[in-house]
Each structure stands twice: as structure tokens, then as C-alpha cells.
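Enquirer: Contents of target-v2.cif (mmCIF, C-alpha atoms) are below:
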data_protein
loop_
_atom_site.label_atom_id
_atom_site.label_comp_id
_atom_site.auth_asym_id
_atom_site.auth_seq_id
_atom_site.Cartn_x
_atom_site.Cartn_y
_atom_site.Cartn_z
CA MET A 1424 -108.36 130.42 75.21
CA ALA A 1425 -105.64 129.15 72.88
CA ARG A 1426 -104.31 131.66 70.39
CA THR A 1427 -105.23 130.54 66.91
CA VAL A 1428 -102.06 128.84 65.73
CA PRO A 1429 -102.10 128.28 62.00
CA ALA A 1430 -102.44 124.54 61.52
CA ASP A 1431 -99.68 124.51 58.92
CA THR A 1432 -97.21 126.15 61.34
CA ALA A 1433 -97.76 123.45 63.96
CA MET A 1434 -97.66 120.74 61.30
CA ALA A 1435 -94.37 121.99 59.83
CA LEU A 1436 -92.77 122.25 63.30
CA GLN A 1437 -94.02 118.75 64.16
CA GLY A 1438 -92.54 117.45 60.90
CA ALA A 1439 -89.16 118.96 61.75
CA LEU A 1440 -89.36 117.58 65.30
CA ALA A 1441 -90.25 114.09 64.04
CA ALA A 1442 -87.22 114.20 61.71
CA GLU A 1443 -84.98 115.34 64.57
CA ASN A 1444 -86.31 112.49 66.75
CA ALA A 1445 -85.48 110.00 63.99
CA ALA A 1446 -82.01 111.52 63.52
CA ILE A 1447 -81.24 111.27 67.24
CA TYR A 1448 -82.16 107.57 67.19
CA GLY A 1449 -80.23 106.99 63.95
CA TYR A 1450 -77.05 108.65 65.18
CA GLY A 1451 -77.15 106.28 68.14
CA VAL A 1452 -77.16 103.35 65.71
CA ALA A 1453 -74.44 104.91 63.52
CA GLY A 1454 -72.24 105.77 66.51
CA ALA A 1455 -72.03 102.12 67.51
CA ARG A 1456 -70.22 101.38 64.20
CA LEU A 1457 -67.89 104.39 64.23
CA SER A 1458 -64.60 105.13 65.96
CA GLY A 1459 -62.02 107.88 66.30
CA ALA A 1460 -62.71 111.16 64.48
CA GLN A 1461 -65.88 109.79 62.88
CA LEU A 1462 -67.31 108.81 66.27
CA ALA A 1463 -66.44 112.26 67.63
CA ALA A 1464 -68.19 113.87 64.63
CA ALA A 1465 -71.26 111.67 65.15
CA GLN A 1466 -71.40 112.62 68.82
CA GLN A 1467 -71.12 116.31 67.95
CA ASP A 1468 -73.90 116.00 65.36
CA TRP A 1469 -76.05 114.01 67.80
CA ASN A 1470 -75.68 116.88 70.30
CA GLN A 1471 -76.74 119.40 67.66
CA HIS A 1472 -79.86 117.36 66.91
CA ARG A 1473 -80.64 117.16 70.63
CA ALA A 1474 -80.40 120.96 70.81
CA ALA A 1475 -82.66 121.35 67.75
CA GLN A 1476 -85.13 118.89 69.29
CA ALA A 1477 -85.28 121.02 72.45
CA THR A 1478 -85.75 124.21 70.41
CA LEU A 1479 -88.61 122.75 68.35
CA THR A 1480 -90.26 121.26 71.45
CA ALA A 1481 -90.18 124.68 73.11
CA MET A 1482 -91.58 126.38 70.00
CA LEU A 1483 -94.48 123.90 69.81
CA THR A 1484 -95.21 124.17 73.52
CA ARG A 1485 -95.29 127.96 73.24
CA LEU A 1486 -97.86 127.59 70.45
CA GLY A 1487 -100.00 125.39 72.68
CA ALA A 1488 -99.35 122.25 70.63
CA GLN A 1489 -98.38 118.85 72.00
CA PRO A 1490 -94.86 118.04 70.67
CA VAL A 1491 -94.79 114.75 68.77
CA PRO A 1492 -93.00 112.13 70.91
CA ALA A 1493 -90.03 110.11 69.68
CA ALA A 1494 -90.72 106.49 68.74
CA ALA A 1495 -89.03 103.74 70.76
CA ALA A 1496 -87.35 102.44 67.59
CA TYR A 1497 -87.16 103.35 63.91
CA THR A 1498 -86.81 101.17 60.83
CA LEU A 1499 -83.39 101.65 59.28
CA PRO A 1500 -83.31 102.30 55.51
CA PHE A 1501 -80.54 99.69 55.09
CA PRO A 1502 -78.43 97.41 57.31
CA VAL A 1503 -75.76 99.28 59.29
CA ARG A 1504 -72.86 96.96 60.08
CA THR A 1505 -69.79 98.86 58.87
CA ALA A 1506 -68.36 102.34 59.42
CA GLN A 1507 -69.11 103.16 55.79
CA GLN A 1508 -72.75 102.15 56.20
CA ALA A 1509 -72.89 104.20 59.38
CA ALA A 1510 -71.64 107.28 57.50
CA SER A 1511 -74.23 106.63 54.77
CA LEU A 1512 -76.92 106.41 57.45
CA ALA A 1513 -75.80 109.74 58.93
CA ALA A 1514 -75.99 111.37 55.48
CA PHE A 1515 -79.43 109.80 54.95
CA LEU A 1516 -80.66 111.14 58.30
CA GLU A 1517 -79.38 114.65 57.55
CA GLU A 1518 -81.12 114.62 54.17
CA GLY A 1519 -84.37 113.69 55.92
CA VAL A 1520 -84.04 116.52 58.43
CA THR A 1521 -83.14 119.00 55.66
CA ARG A 1522 -86.33 118.02 53.80
CA ALA A 1523 -88.38 118.43 56.99
CA TYR A 1524 -87.09 121.97 57.59
CA LEU A 1525 -88.07 122.83 54.02
CA GLY A 1526 -91.66 122.68 55.30
CA LEU A 1527 -90.97 125.66 57.57
CA VAL A 1528 -89.62 127.67 54.64
CA ALA A 1529 -93.03 127.37 52.93
CA LEU A 1530 -94.88 129.07 55.81
CA ASP A 1531 -96.08 132.69 55.64
CA ASP A 1532 -94.12 133.81 58.71
CA ALA A 1533 -90.83 135.39 57.57
CA SER A 1534 -88.95 134.57 60.78
CA LEU A 1535 -89.98 130.90 60.59
CA ARG A 1536 -88.84 130.83 56.96
CA ALA A 1537 -85.42 132.16 57.96
CA PHE A 1538 -85.25 129.76 60.91
CA GLY A 1539 -86.03 126.82 58.60
CA ALA A 1540 -83.50 127.98 56.00
CA ARG A 1541 -80.71 128.31 58.59
CA ALA A 1542 -81.52 124.87 59.98
CA MET A 1543 -81.39 123.50 56.43
CA GLN A 1544 -77.88 124.89 56.04
CA ALA A 1545 -76.72 123.18 59.24
CA CYS A 1546 -78.22 119.85 58.10
CA ALA A 1547 -76.87 120.20 54.55
CA LEU A 1548 -73.38 120.89 55.93
CA ARG A 1549 -73.47 117.74 58.06
CA ALA A 1550 -74.91 115.72 55.16
CA ALA A 1551 -72.15 116.90 52.79
CA SER A 1552 -69.54 116.10 55.41
CA TRP A 1553 -70.80 112.50 55.84
CA ARG A 1554 -71.39 112.04 52.10
CA GLY A 1555 -68.06 113.57 51.10
CA SER A 1556 -69.67 115.63 48.33
CA THR A 1557 -72.12 118.50 47.82
CA VAL A 1558 -75.47 118.51 46.04
CA ALA A 1559 -77.18 121.30 44.09
CA PHE A 1560 -80.55 121.21 45.87
CA PRO A 1561 -80.38 119.92 49.46
CA GLY A 1562 -83.78 118.85 50.75
CA LEU A 1563 -85.66 119.52 47.51
CA PRO A 1564 -87.37 116.52 45.96
CA ALA A 1565 -86.67 116.07 42.23
CA SER A 1566 -90.35 116.78 41.56
CA ALA A 1567 -89.88 120.35 42.84
CA LEU A 1568 -87.37 121.12 40.11
CA ARG A 1569 -88.72 122.62 36.93
CA ARG A 1570 -86.71 120.87 34.23
CA PRO A 1571 -85.75 117.21 34.19
CA ARG A 1572 -82.28 118.07 32.93
CA PRO A 1573 -80.28 119.29 35.97
CA SER A 1574 -80.08 115.85 37.60
CA ASN A 1575 -78.06 114.61 34.58
CA HIS A 1576 -75.00 116.42 35.85
CA SER A 1577 -74.45 114.22 38.89
CA ARG A 1578 -71.81 111.66 38.12
CA MET B 674 -117.67 128.20 62.68
CA THR B 675 -120.36 130.63 63.82
CA ASP B 676 -117.69 133.09 64.96
CA SER B 677 -115.89 133.21 61.65
CA SER B 678 -119.05 133.63 59.57
CA GLY B 679 -120.17 136.38 61.92
CA GLY B 680 -116.79 138.07 61.54
CA ALA B 681 -117.01 137.87 57.78
CA ARG B 682 -120.50 139.38 57.86
CA THR B 683 -119.28 142.29 60.00
CA VAL B 684 -116.44 143.07 57.62
CA ARG B 685 -118.68 142.98 54.60
CA GLY B 686 -121.20 145.13 56.46
CA SER B 687 -118.69 147.82 57.42
CA LEU B 688 -117.33 148.05 53.88
CA GLY B 689 -120.86 148.59 52.56
CA ALA B 690 -121.56 151.24 55.22
CA ALA B 691 -118.39 153.16 54.38
CA ALA B 692 -119.25 153.23 50.71
CA SER B 693 -122.82 154.43 51.25
CA ARG B 694 -121.59 157.14 53.67
CA THR B 695 -119.20 158.74 51.18
CA VAL B 696 -121.45 159.01 48.19
CA PRO B 697 -124.31 161.13 49.61
CA SER B 698 -122.10 163.44 51.77
CA GLY B 699 -120.22 164.75 48.73
CA GLY B 700 -123.47 165.52 46.96
CA ARG B 701 -125.07 167.25 49.95
CA GLU B 702 -122.16 169.64 50.56
CA ARG B 703 -122.07 170.84 46.97
CA PRO B 704 -124.50 173.81 47.39
CA ARG B 705 -122.27 175.59 50.01
CA GLY B 706 -119.65 178.24 49.12
CA ALA B 707 -117.68 177.70 45.94
CA ALA B 708 -114.32 178.37 47.69
CA VAL B 709 -114.97 175.75 50.32
CA GLY B 710 -116.07 173.35 47.63
CA ARG B 711 -112.86 173.88 45.66
CA ARG B 712 -110.72 173.44 48.77
CA ARG B 713 -112.55 170.24 49.48
CA VAL B 714 -112.00 169.02 45.94
CA LEU B 715 -108.26 169.77 46.24
CA ALA B 716 -108.06 167.94 49.54
CA VAL B 717 -109.89 164.98 48.12
CA SER B 718 -107.73 164.88 45.04
CA ALA B 719 -104.59 164.96 47.21
CA THR B 720 -105.75 161.96 49.23
CA LEU B 721 -106.77 160.15 46.09
CA LEU B 722 -103.38 160.58 44.41
CA PRO B 723 -101.64 157.66 46.10
CA LEU B 724 -104.66 155.50 45.44
CA LEU B 725 -104.60 156.38 41.76
CA ALA B 726 -100.87 155.75 41.63
CA THR B 727 -101.23 152.28 43.09
CA ALA B 728 -104.28 151.54 41.01
CA SER B 729 -102.44 152.34 37.78
CA CYS B 730 -99.49 150.11 38.78
CA GLY B 731 -101.02 146.99 37.37
CA GLU B 732 -101.62 148.31 33.88
CA PRO B 733 -98.80 148.98 31.45
CA ASP B 734 -98.51 152.68 30.70
CA PRO B 735 -97.33 153.36 27.15
CA LEU B 736 -95.69 156.65 28.24
CA THR B 737 -93.59 155.43 31.17
CA GLY B 738 -92.86 151.93 29.94
CA PRO B 739 -93.57 148.65 31.72
CA PRO B 740 -94.63 148.73 35.39
CA PRO B 741 -91.89 148.20 38.00
CA PRO B 742 -91.25 144.51 38.70
CA SER B 743 -92.97 142.92 41.69
CA PRO B 744 -90.93 142.09 44.83
CA GLN B 745 -91.03 138.46 43.72
CA VAL B 746 -89.52 139.29 40.32
CA ARG B 747 -86.92 141.63 41.85
CA THR B 748 -85.87 138.91 44.32
CA LEU B 749 -85.61 136.41 41.50
CA GLN B 750 -83.52 138.84 39.45
CA ALA B 751 -81.19 139.45 42.40
CA ALA B 752 -80.78 135.70 42.94
CA ILE B 753 -80.09 135.21 39.22
CA ALA B 754 -77.50 138.00 39.25
CA ALA B 755 -75.78 136.42 42.28
CA GLU B 756 -75.66 133.01 40.55
CA ARG B 757 -74.31 134.57 37.36
CA ALA B 758 -71.56 136.26 39.38
CA LEU B 759 -70.63 132.91 40.96
CA VAL B 760 -70.66 131.06 37.63
CA GLY B 761 -68.47 133.84 36.18
CA ALA B 762 -66.01 133.71 39.09
CA TYR B 763 -65.69 129.90 38.98
CA THR B 764 -65.19 130.01 35.22
CA ARG B 765 -62.38 132.56 35.53
CA VAL B 766 -60.67 130.70 38.40
CA LEU B 767 -60.84 127.46 36.43
CA ALA B 768 -59.36 129.17 33.37
CA ALA B 769 -56.45 130.51 35.47
CA HIS B 770 -55.94 127.34 37.56
CA PRO B 771 -56.87 124.24 35.54
CA ALA B 772 -55.32 122.05 38.28
CA LEU B 773 -58.33 122.92 40.49
CA SER B 774 -60.73 121.45 37.96
CA GLY B 775 -61.35 118.23 39.88
CA SER B 776 -62.65 120.04 42.93
CA LEU B 777 -64.15 123.18 41.40
CA ARG B 778 -65.96 121.85 38.34
CA PRO B 779 -68.61 119.89 40.32
CA LEU B 780 -69.38 123.07 42.25
CA LEU B 781 -69.58 125.12 39.04
CA ILE B 782 -71.99 122.56 37.56
CA GLN B 783 -74.20 122.87 40.64
CA HIS B 784 -74.25 126.65 40.22
CA GLU B 785 -75.27 126.20 36.60
CA ASP B 786 -78.12 124.01 37.87
CA HIS B 787 -79.11 126.75 40.35
CA LEU B 788 -79.08 129.32 37.58
CA ALA B 789 -81.19 127.13 35.27
CA GLN B 790 -83.81 126.59 38.00
CA LEU B 791 -83.97 130.28 38.88
CA ARG B 792 -84.20 131.38 35.25
CA GLY B 793 -86.91 128.79 34.68
CA ARG B 794 -89.05 130.59 37.25
CA LEU B 795 -88.66 134.07 35.79
CA ILE B 796 -91.86 134.38 33.83
CA GLU B 797 -91.51 137.68 32.08
CA PRO B 798 -91.63 138.91 28.50
CA PRO B 799 -88.07 138.69 27.15
CA ARG B 800 -87.84 142.46 26.59
CA ALA B 801 -88.83 143.32 30.15
CA ALA B 802 -86.29 140.80 31.42
CA ALA B 803 -83.54 142.16 29.22
CA SER B 804 -83.22 145.63 30.76
CA PRO B 805 -82.76 144.81 34.49
CA SER B 806 -80.57 141.77 33.95
CA ALA B 807 -78.30 143.63 31.52
CA SER B 808 -77.06 145.80 34.39
CA ALA B 809 -76.61 142.70 36.55
CA ARG B 810 -74.42 140.85 34.03
CA PRO B 811 -71.26 139.45 35.57
CA GLY B 812 -69.26 141.53 33.07
CA HIS B 813 -70.02 144.67 35.09
CA SER B 814 -69.24 145.23 38.76
CA PRO B 815 -68.93 141.64 40.13
CA ALA B 816 -65.92 140.94 37.89
CA GLN B 817 -63.44 142.02 40.53
CA ARG B 818 -59.83 141.02 40.07
CA LEU B 819 -59.09 137.53 41.35
CA PRO B 820 -55.89 136.78 43.27
CA ALA B 821 -53.09 135.25 41.20
CA THR B 822 -52.50 132.29 43.54
CA ALA B 823 -54.82 129.28 43.53
CA GLY B 824 -55.23 129.53 47.31
CA GLY B 825 -56.20 133.20 47.08
CA ALA B 826 -58.70 132.52 44.29
CA VAL B 827 -60.29 129.71 46.32
CA THR B 828 -60.61 132.04 49.29
CA VAL B 829 -62.44 134.59 47.13
CA LEU B 830 -64.83 131.86 45.94
CA GLU B 831 -65.36 130.72 49.52
CA ASP B 832 -66.25 134.27 50.62
CA MET B 833 -68.65 134.62 47.68
CA GLU B 834 -70.35 131.32 48.58
CA ARG B 835 -70.67 132.31 52.22
CA SER B 836 -72.27 135.66 51.43
CA ALA B 837 -74.52 134.05 48.80
CA ALA B 838 -75.75 131.55 51.42
CA ALA B 839 -76.50 134.40 53.85
CA ALA B 840 -78.16 136.55 51.15
CA GLY B 841 -80.37 133.61 50.18
CA VAL B 842 -81.85 133.49 53.68
CA ARG B 843 -82.54 137.25 53.55
CA ARG B 844 -84.45 136.90 50.26
CA LEU B 845 -87.16 134.56 51.59
CA ALA B 846 -89.64 137.07 53.01
CA HIS B 847 -91.56 138.38 50.00
CA VAL B 848 -91.71 135.41 47.66
CA THR B 849 -94.07 132.48 47.12
CA PRO B 850 -93.58 129.39 49.30
CA SER B 851 -92.29 127.43 46.33
CA LEU B 852 -89.66 130.04 45.39
CA ALA B 853 -88.70 130.42 49.06
CA GLN B 854 -88.00 126.67 49.18
CA LEU B 855 -85.87 126.82 46.04
CA LEU B 856 -83.89 129.82 47.36
CA ALA B 857 -83.39 128.15 50.77
CA SER B 858 -82.20 124.94 49.11
CA ILE B 859 -79.76 126.86 46.88
CA ALA B 860 -78.49 128.78 49.92
CA ALA B 861 -77.94 125.47 51.74
CA SER B 862 -76.01 124.16 48.75
CA GLU B 863 -73.86 127.31 48.77
CA ALA B 864 -73.15 126.88 52.48
CA THR B 865 -71.80 123.38 51.71
CA HIS B 866 -69.72 124.82 48.84
CA ALA B 867 -68.10 127.28 51.24
CA ALA B 868 -67.20 124.38 53.55
CA ALA B 869 -65.84 122.32 50.65
CA LEU B 870 -63.69 125.26 49.50
CA SER B 871 -62.48 125.87 53.04
CA ALA B 872 -61.32 122.25 53.25
CA LEU B 873 -59.54 122.72 49.92
CA ARG B 874 -57.58 125.82 50.89
CA PRO B 875 -54.42 124.35 52.46
CA ALA B 876 -53.90 122.11 49.42
CA GLY B 877 -54.75 124.92 46.98
CA GLY B 878 -52.26 127.29 48.57
CA ALA B 879 -49.37 124.88 48.05
#
Do you think you could lay out the structure here as C-alpha cells?
Expert:
Amino acid sequence: MARTVPADTAMALQGALAAENAAIYGYGVAGARLSGAQLAAAQQDWNQHRAAQATLTAMLTRLGAQPVPAAAAYTLPFPVRTAQQAASLAAFLEEGVTRAYLGLVALDDASLRAFGARAMQACALRAASWRGSTVAFPGLPASALRRPRPSNHSR
Amino acid sequence: MTDSSGGARTVRGSLGAAASRTVPSGGRERPRGAAVGRRRVLAVSATLLPLLATASCGEPDPLTGPPPPSPQVRTLQAAIAAERALVGAYTRVLAAHPALSGSLRPLLIQHEDHLAQLRGRLIEPPRAAASPSASARPGHSPAQRLPATAGGAVTVLEDMERSAAAAGVRRLAHVTPSLAQLLASIAASEATHAAALSALRPAGGA
């Protein structure tokens, strides 16, 4: 009855959805420590993650898969008590979502690859904005890079 | 389980049947009129031509030179040419506006990292690589004249970054998953460069 959905497609979409769920929770934590323009930016980014969450949920449902639910709470990578820590958390969350969308870029389907790549750009833009600097390879783990040298350039 | 093995058996079966059908039919029709036979041979040879052409693609032909590069190699070469053009443009803007060094040099270094990663994936004999990339050198067409003002030069770089980020997404279709991920990551980096340059513009114009 169910169309044969490639297992890797569903898995990659679930990975992206799980990262979006974590980001939505994390932005809630970060927002509590932010004010003014930073709070407005966090709220805008939170809305974008909510929209992405809805998109991914719809894609998974269309494929006949059960969208992975959000957890009630997530472990924070570090304590978030100041505005600076909140901005670092936002950058950390965006890096996680960027990495998750990289999974879609590895699929065979060309439109899913493009979808993943565009989502990566949105996440990388938000990450750079919170971090205050750009990186050469958003989302890519160091192990994916061929030579050990390029990382030397970061100051 | 049973379905898939059955499917595989059917495919193998039909391939075998097609092969056994062709061989005897050619032999049986031979004794008929010579004209018909020749016409048939011509028709067959015409249909075989594309097959022969594709079959010979894989092997290097000493008369026509190396085979055309695969889509993967062509995509890689295009991405390398785009990075070279960006590295060239940043280098020239920095030479003309050293005051921009603090903001532009980190971006240039990231482009050099992109270029190194892309070139590291181009597995080709050096001679085969030399001919296509020679025409894509930044010295040729991409070296358009840059505006004299710092603000204008930054705007040109921003436009280049934006189109590089968009082109990167368009290059993902016919490459391996691993190269697609590298290209997507580089495109994401270029999107952030465009934003960084955009934020720089009011200050650069002053």
C-alpha cells in the first residue's frame, strides 16, 4: 500500500526535523537571556525554525513516515546565563541544523539535494550572524575535508 | 523479499530472451534477396552507431585525444573556475584597497580553503586537467574591471558571492553525494560572505 520510500530519504528528513525540534527548544532558552535587537532576531529565527519544522513534518507525512516528535527538554551544551552565552547557543544550534541538512544533500533525489542546500544557506547565515564571523565549510565535519591543512587558517 | 527476488529473476530472464532472439533471426534471414539483406545491414549499422559511440567513450582514442570529461569532472572544473575567479577578484580588491584587509582577508582565506578542497578532489592526469582549466583561468574573461571606490568593489564581490552561492546549488545534481555535500557547504559559506560584505558596504563607501 505504501509507496516504497527510500529509507535514507526518510532518515535524512527525520534527522533534519530532529535538529529543527532541538533548535526550537534552544531558541526558547536563548530568548530568555536576550533583549532588544538580539531578542527580536532570536524570535525571527525561532519563527523560521517553526516554519521549517512544519515543512519537514509535511514532507515526512506525505512519504507515509511518522515525523519524529520533539523531546520535552534537551540537554544544553553549556550553561546559558548571559546574553553572550545565549548568542553562542544560537550559533551552536544553527551549526547543528546545518549539519543535519547536509544529510539531505547526500540523497540521490536532485530536488531534495537542492532543498537541503538552500536550507543549509539559511542556517549558515543565521549561524554567522550570531557568531559574528563566517566559516569556510558550514555543516561539514573536519573529517570530511581532504587535507588537514585548511583548518590552520582560522585565527 | 520474495517479490524483489522474483523481480530480479524476471529482469534477468527478459535480458536472456532478448539476446537469444536476435542472434538466430539475423542468421535465418540471410538467404533472402541480396538487396534486402544490404538494406537490413545498413539499417542495423545505423542503429548501432550511437551504441558504438557510447561504447568507445570509456577508452582513450589516440586519434581524437582523451575522452570528454564526465559530468562530475566538468562540475568540479566549473566550481574550481568559480573559486579561482573569486580568489582573483579578492586579491585585486585587496591590492587596490589595503584598508579593507581586516574584513576581506578572512573571506579570501576561506576561498583559498574552498579552492584547495575542490582541487584535492579533481583526480585527473595533470595533462588532461591542464587544457580545460587553462581556458578557465581568472586571467581571461572573469577579470572584469573593478570599480575604483572601495564601496563599489565590495558590491562587485558581494554580487559574485551571491551568484556563486546560487550556482553551487545548481551544480549538485550530477555529482557524488560526497562532492554534493562539499559544494553545498561551500555555497553556504559564500552566502554568508555575501551577507558579511553587505554589512560592510556603508562603511566601505565612506
Enquirer: Name the residues that the PyMOL selection byres ((chain A and resi 1527) around 6) picks from the file above, as a ChimeraX atom specification, using the file's chain letters and numbers.
Expert: /A:1435,1524-1526,1528-1530,1536,1539
Enquirer: List, as a PyMOL selection string, every residue that the PyMOL selection byres ((chain A and resi 1471) around 12) selects in the file provided.
Expert: chain A and resi 1443-1444+1446-1447+1450+1464-1470+1472-1478+1517+1542+1545-1546+1549
Enquirer: Counting only C-alpha atoms, a student should be able to say which residues of chain A come within 6 Å of chain B; what is the right answer, written as a list in words?
Expert: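 Here they are: Val1528, Ala1529, Ala1533, Ala1537, Ala1540, Gln1544, Leu1548, Ala1559, Phe1560, Pro1561 and Pro1573 of chain A.
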Enquirer: Write a file of the selected residues as an mmCIF file, in the frame of the given file, keeping C-alpha atoms.
Expert:
data_model
loop_
_atom_site.group_PDB
_atom_site.id
_atom_site.type_symbol
_atom_site.label_atom_id
_atom_site.label_comp_id
_atom_site.auth_asym_id
_atom_site.auth_seq_id
_atom_site.Cartn_x
_atom_site.Cartn_y
_atom_site.Cartn_z
ATOM 1 C CA VAL A 1528 -89.620 127.670 54.640
ATOM 2 C CA ALA A 1529 -93.030 127.370 52.930
ATOM 3 C CA ALA A 1533 -90.830 135.390 57.570
ATOM 4 C CA ALA A 1537 -85.420 132.160 57.960
ATOM 5 C CA ALA A 1540 -83.500 127.980 56.000
ATOM 6 C CA GLN A 1544 -77.880 124.890 56.040
ATOM 7 C CA LEU A 1548 -73.380 120.890 55.930
ATOM 8 C CA ALA A 1559 -77.180 121.300 44.090
ATOM 9 C CA PHE A 1560 -80.550 121.210 45.870
ATOM 10 C CA PRO A 1561 -80.380 119.920 49.460
ATOM 11 C CA PRO A 1573 -80.280 119.290 35.970
#
Enquirer: Could you write out as an NGL selection string the residues that the PyMOL selection byres ((chain B and resi 825-829) around 9) matches in the shown file?
Expert: :B and (762 or 766 or 770 or 819-824 or 830-834 or 870-871 or 873-874 or 877-878)
Enquirer: Go ahead and compute the interatomic distance for CA of Ala837 (chain B) and CA of Leu788 (chain B), in Å to one decimal.
Expert: 13.0 Å
Enquirer: Measuring atom to atom with only C-alpha atoms, identify which of A:Thr1521, A:Ser1534, A:Ser1566, A:Thr1505 is nearest to Arg1456 (chain A).
Expert: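 Of A:Thr1521, A:Ser1534, A:Ser1566, A:Thr1505, the one nearest Arg1456 (chain A) is A:Thr1505, counting only C-alpha atoms.
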Enquirer: From the set A:Tyr1497, A:Asp1532, A:Ala1523, A:Ala1567, which residue has the shortest atom-to-atom contact distance to Val1452 (chain A), counting all atoms listed in the file?
Expert: A:Tyr1497
Enquirer: In Å, with one decimal, what is the gap from CA of Pro1429 (chain A) to CA of Tyr1448 (chain A)?
Expert: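 We find that CA of Pro1429 (chain A) and CA of Tyr1448 (chain A) lie 29.2 Å from each other.
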Enquirer: Using all atoms listed in the file, which residue out of B:Ala840, B:Ala751, B:Arg818, B:Arg778 lies closest to Tyr763 (chain B)?
Expert: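 Once distances to Tyr763 (chain B) are computed over all atoms listed in the file, the minimum belongs to B:Arg778.
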Enquirer: Can you sort out region 1524-1550 of chain A so it carries N, CA and C atoms, written as an mmCIF file, in the coordinates of the input?
Expert:
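Printed below is out_18.cif as written:
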data_model
loop_
_atom_site.group_PDB
_atom_site.id
_atom_site.type_symbol
_atom_site.label_atom_id
_atom_site.label_comp_id
_atom_site.auth_asym_id
_atom_site.auth_seq_id
_atom_site.Cartn_x
_atom_site.Cartn_y
_atom_site.Cartn_z
ATOM 1 N N TYR A 1524 -87.169 120.522 57.340
ATOM 2 C CA TYR A 1524 -87.090 121.970 57.590
ATOM 3 C C TYR A 1524 -87.580 122.776 56.390
ATOM 4 N N LEU A 1525 -87.551 122.168 55.218
ATOM 5 C CA LEU A 1525 -88.070 122.830 54.020
ATOM 6 C C LEU A 1525 -89.546 123.181 54.198
ATOM 7 N N GLY A 1526 -90.245 122.397 55.021
ATOM 8 C CA GLY A 1526 -91.660 122.680 55.300
ATOM 9 C C GLY A 1526 -91.842 124.007 56.018
ATOM 10 N N LEU A 1527 -90.880 124.374 56.862
ATOM 11 C CA LEU A 1527 -90.970 125.660 57.570
ATOM 12 C C LEU A 1527 -90.748 126.837 56.629
ATOM 13 N N VAL A 1528 -89.928 126.600 55.596
ATOM 14 C CA VAL A 1528 -89.620 127.670 54.640
ATOM 15 C C VAL A 1528 -90.849 128.027 53.796
ATOM 16 N N ALA A 1529 -91.814 127.121 53.720
ATOM 17 C CA ALA A 1529 -93.030 127.370 52.930
ATOM 18 C C ALA A 1529 -94.104 128.129 53.722
ATOM 19 N N LEU A 1530 -93.867 128.376 55.004
ATOM 20 C CA LEU A 1530 -94.880 129.070 55.810
ATOM 21 C C LEU A 1530 -94.897 130.568 55.480
ATOM 22 N N ASP A 1531 -95.963 131.258 55.918
ATOM 23 C CA ASP A 1531 -96.080 132.690 55.640
ATOM 24 C C ASP A 1531 -95.153 133.523 56.521
ATOM 25 N N ASP A 1532 -94.910 133.062 57.734
ATOM 26 C CA ASP A 1532 -94.120 133.810 58.710
ATOM 27 C C ASP A 1532 -92.648 133.916 58.274
ATOM 28 N N ALA A 1533 -92.186 135.164 58.090
ATOM 29 C CA ALA A 1533 -90.830 135.390 57.570
ATOM 30 C C ALA A 1533 -89.759 134.874 58.531
ATOM 31 N N SER A 1534 -89.987 135.005 59.848
ATOM 32 C CA SER A 1534 -88.950 134.570 60.780
ATOM 33 C C SER A 1534 -88.869 133.039 60.822
ATOM 34 N N LEU A 1535 -90.007 132.367 60.645
ATOM 35 C CA LEU A 1535 -89.980 130.900 60.590
ATOM 36 C C LEU A 1535 -89.307 130.420 59.300
ATOM 37 N N ARG A 1536 -89.525 131.162 58.225
ATOM 38 C CA ARG A 1536 -88.840 130.830 56.960
ATOM 39 C C ARG A 1536 -87.324 130.896 57.142
ATOM 40 N N ALA A 1537 -86.862 131.988 57.757
ATOM 41 C CA ALA A 1537 -85.420 132.160 57.960
ATOM 42 C C ALA A 1537 -84.876 131.102 58.919
ATOM 43 N N PHE A 1538 -85.653 130.803 59.954
ATOM 44 C CA PHE A 1538 -85.250 129.760 60.910
ATOM 45 C C PHE A 1538 -85.090 128.416 60.179
ATOM 46 N N GLY A 1539 -86.073 128.075 59.358
ATOM 47 C CA GLY A 1539 -86.030 126.820 58.600
ATOM 48 C C GLY A 1539 -84.840 126.795 57.644
ATOM 49 N N ALA A 1540 -84.591 127.923 56.976
ATOM 50 C CA ALA A 1540 -83.500 127.980 56.000
ATOM 51 C C ALA A 1540 -82.138 127.830 56.684
ATOM 52 N N ARG A 1541 -81.983 128.440 57.862
ATOM 53 C CA ARG A 1541 -80.710 128.310 58.590
ATOM 54 C C ARG A 1541 -80.511 126.878 59.085
ATOM 55 N N ALA A 1542 -81.612 126.264 59.544
ATOM 56 C CA ALA A 1542 -81.520 124.870 59.980
ATOM 57 C C ALA A 1542 -81.164 123.968 58.799
ATOM 58 N N MET A 1543 -81.730 124.269 57.629
ATOM 59 C CA MET A 1543 -81.390 123.500 56.430
ATOM 60 C C MET A 1543 -79.900 123.560 56.126
ATOM 61 N N GLN A 1544 -79.317 124.745 56.320
ATOM 62 C CA GLN A 1544 -77.880 124.890 56.040
ATOM 63 C C GLN A 1544 -77.062 124.021 56.987
ATOM 64 N N ALA A 1545 -77.454 124.002 58.254
ATOM 65 C CA ALA A 1545 -76.720 123.180 59.240
ATOM 66 C C ALA A 1545 -76.822 121.704 58.852
ATOM 67 N N CYS A 1546 -78.023 121.254 58.474
ATOM 68 C CA CYS A 1546 -78.220 119.850 58.100
ATOM 69 C C CYS A 1546 -77.457 119.523 56.818
ATOM 70 N N ALA A 1547 -77.535 120.433 55.831
ATOM 71 C CA ALA A 1547 -76.870 120.200 54.550
ATOM 72 C C ALA A 1547 -75.353 120.114 54.729
ATOM 73 N N LEU A 1548 -74.815 120.930 55.647
ATOM 74 C CA LEU A 1548 -73.380 120.890 55.930
ATOM 75 C C LEU A 1548 -72.979 119.542 56.511
ATOM 76 N N ARG A 1549 -73.784 119.042 57.459
ATOM 77 C CA ARG A 1549 -73.470 117.740 58.060
ATOM 78 C C ARG A 1549 -73.639 116.630 57.021
ATOM 79 N N ALA A 1550 -74.683 116.729 56.197
ATOM 80 C CA ALA A 1550 -74.910 115.720 55.160
ATOM 81 C C ALA A 1550 -73.731 115.664 54.197
#
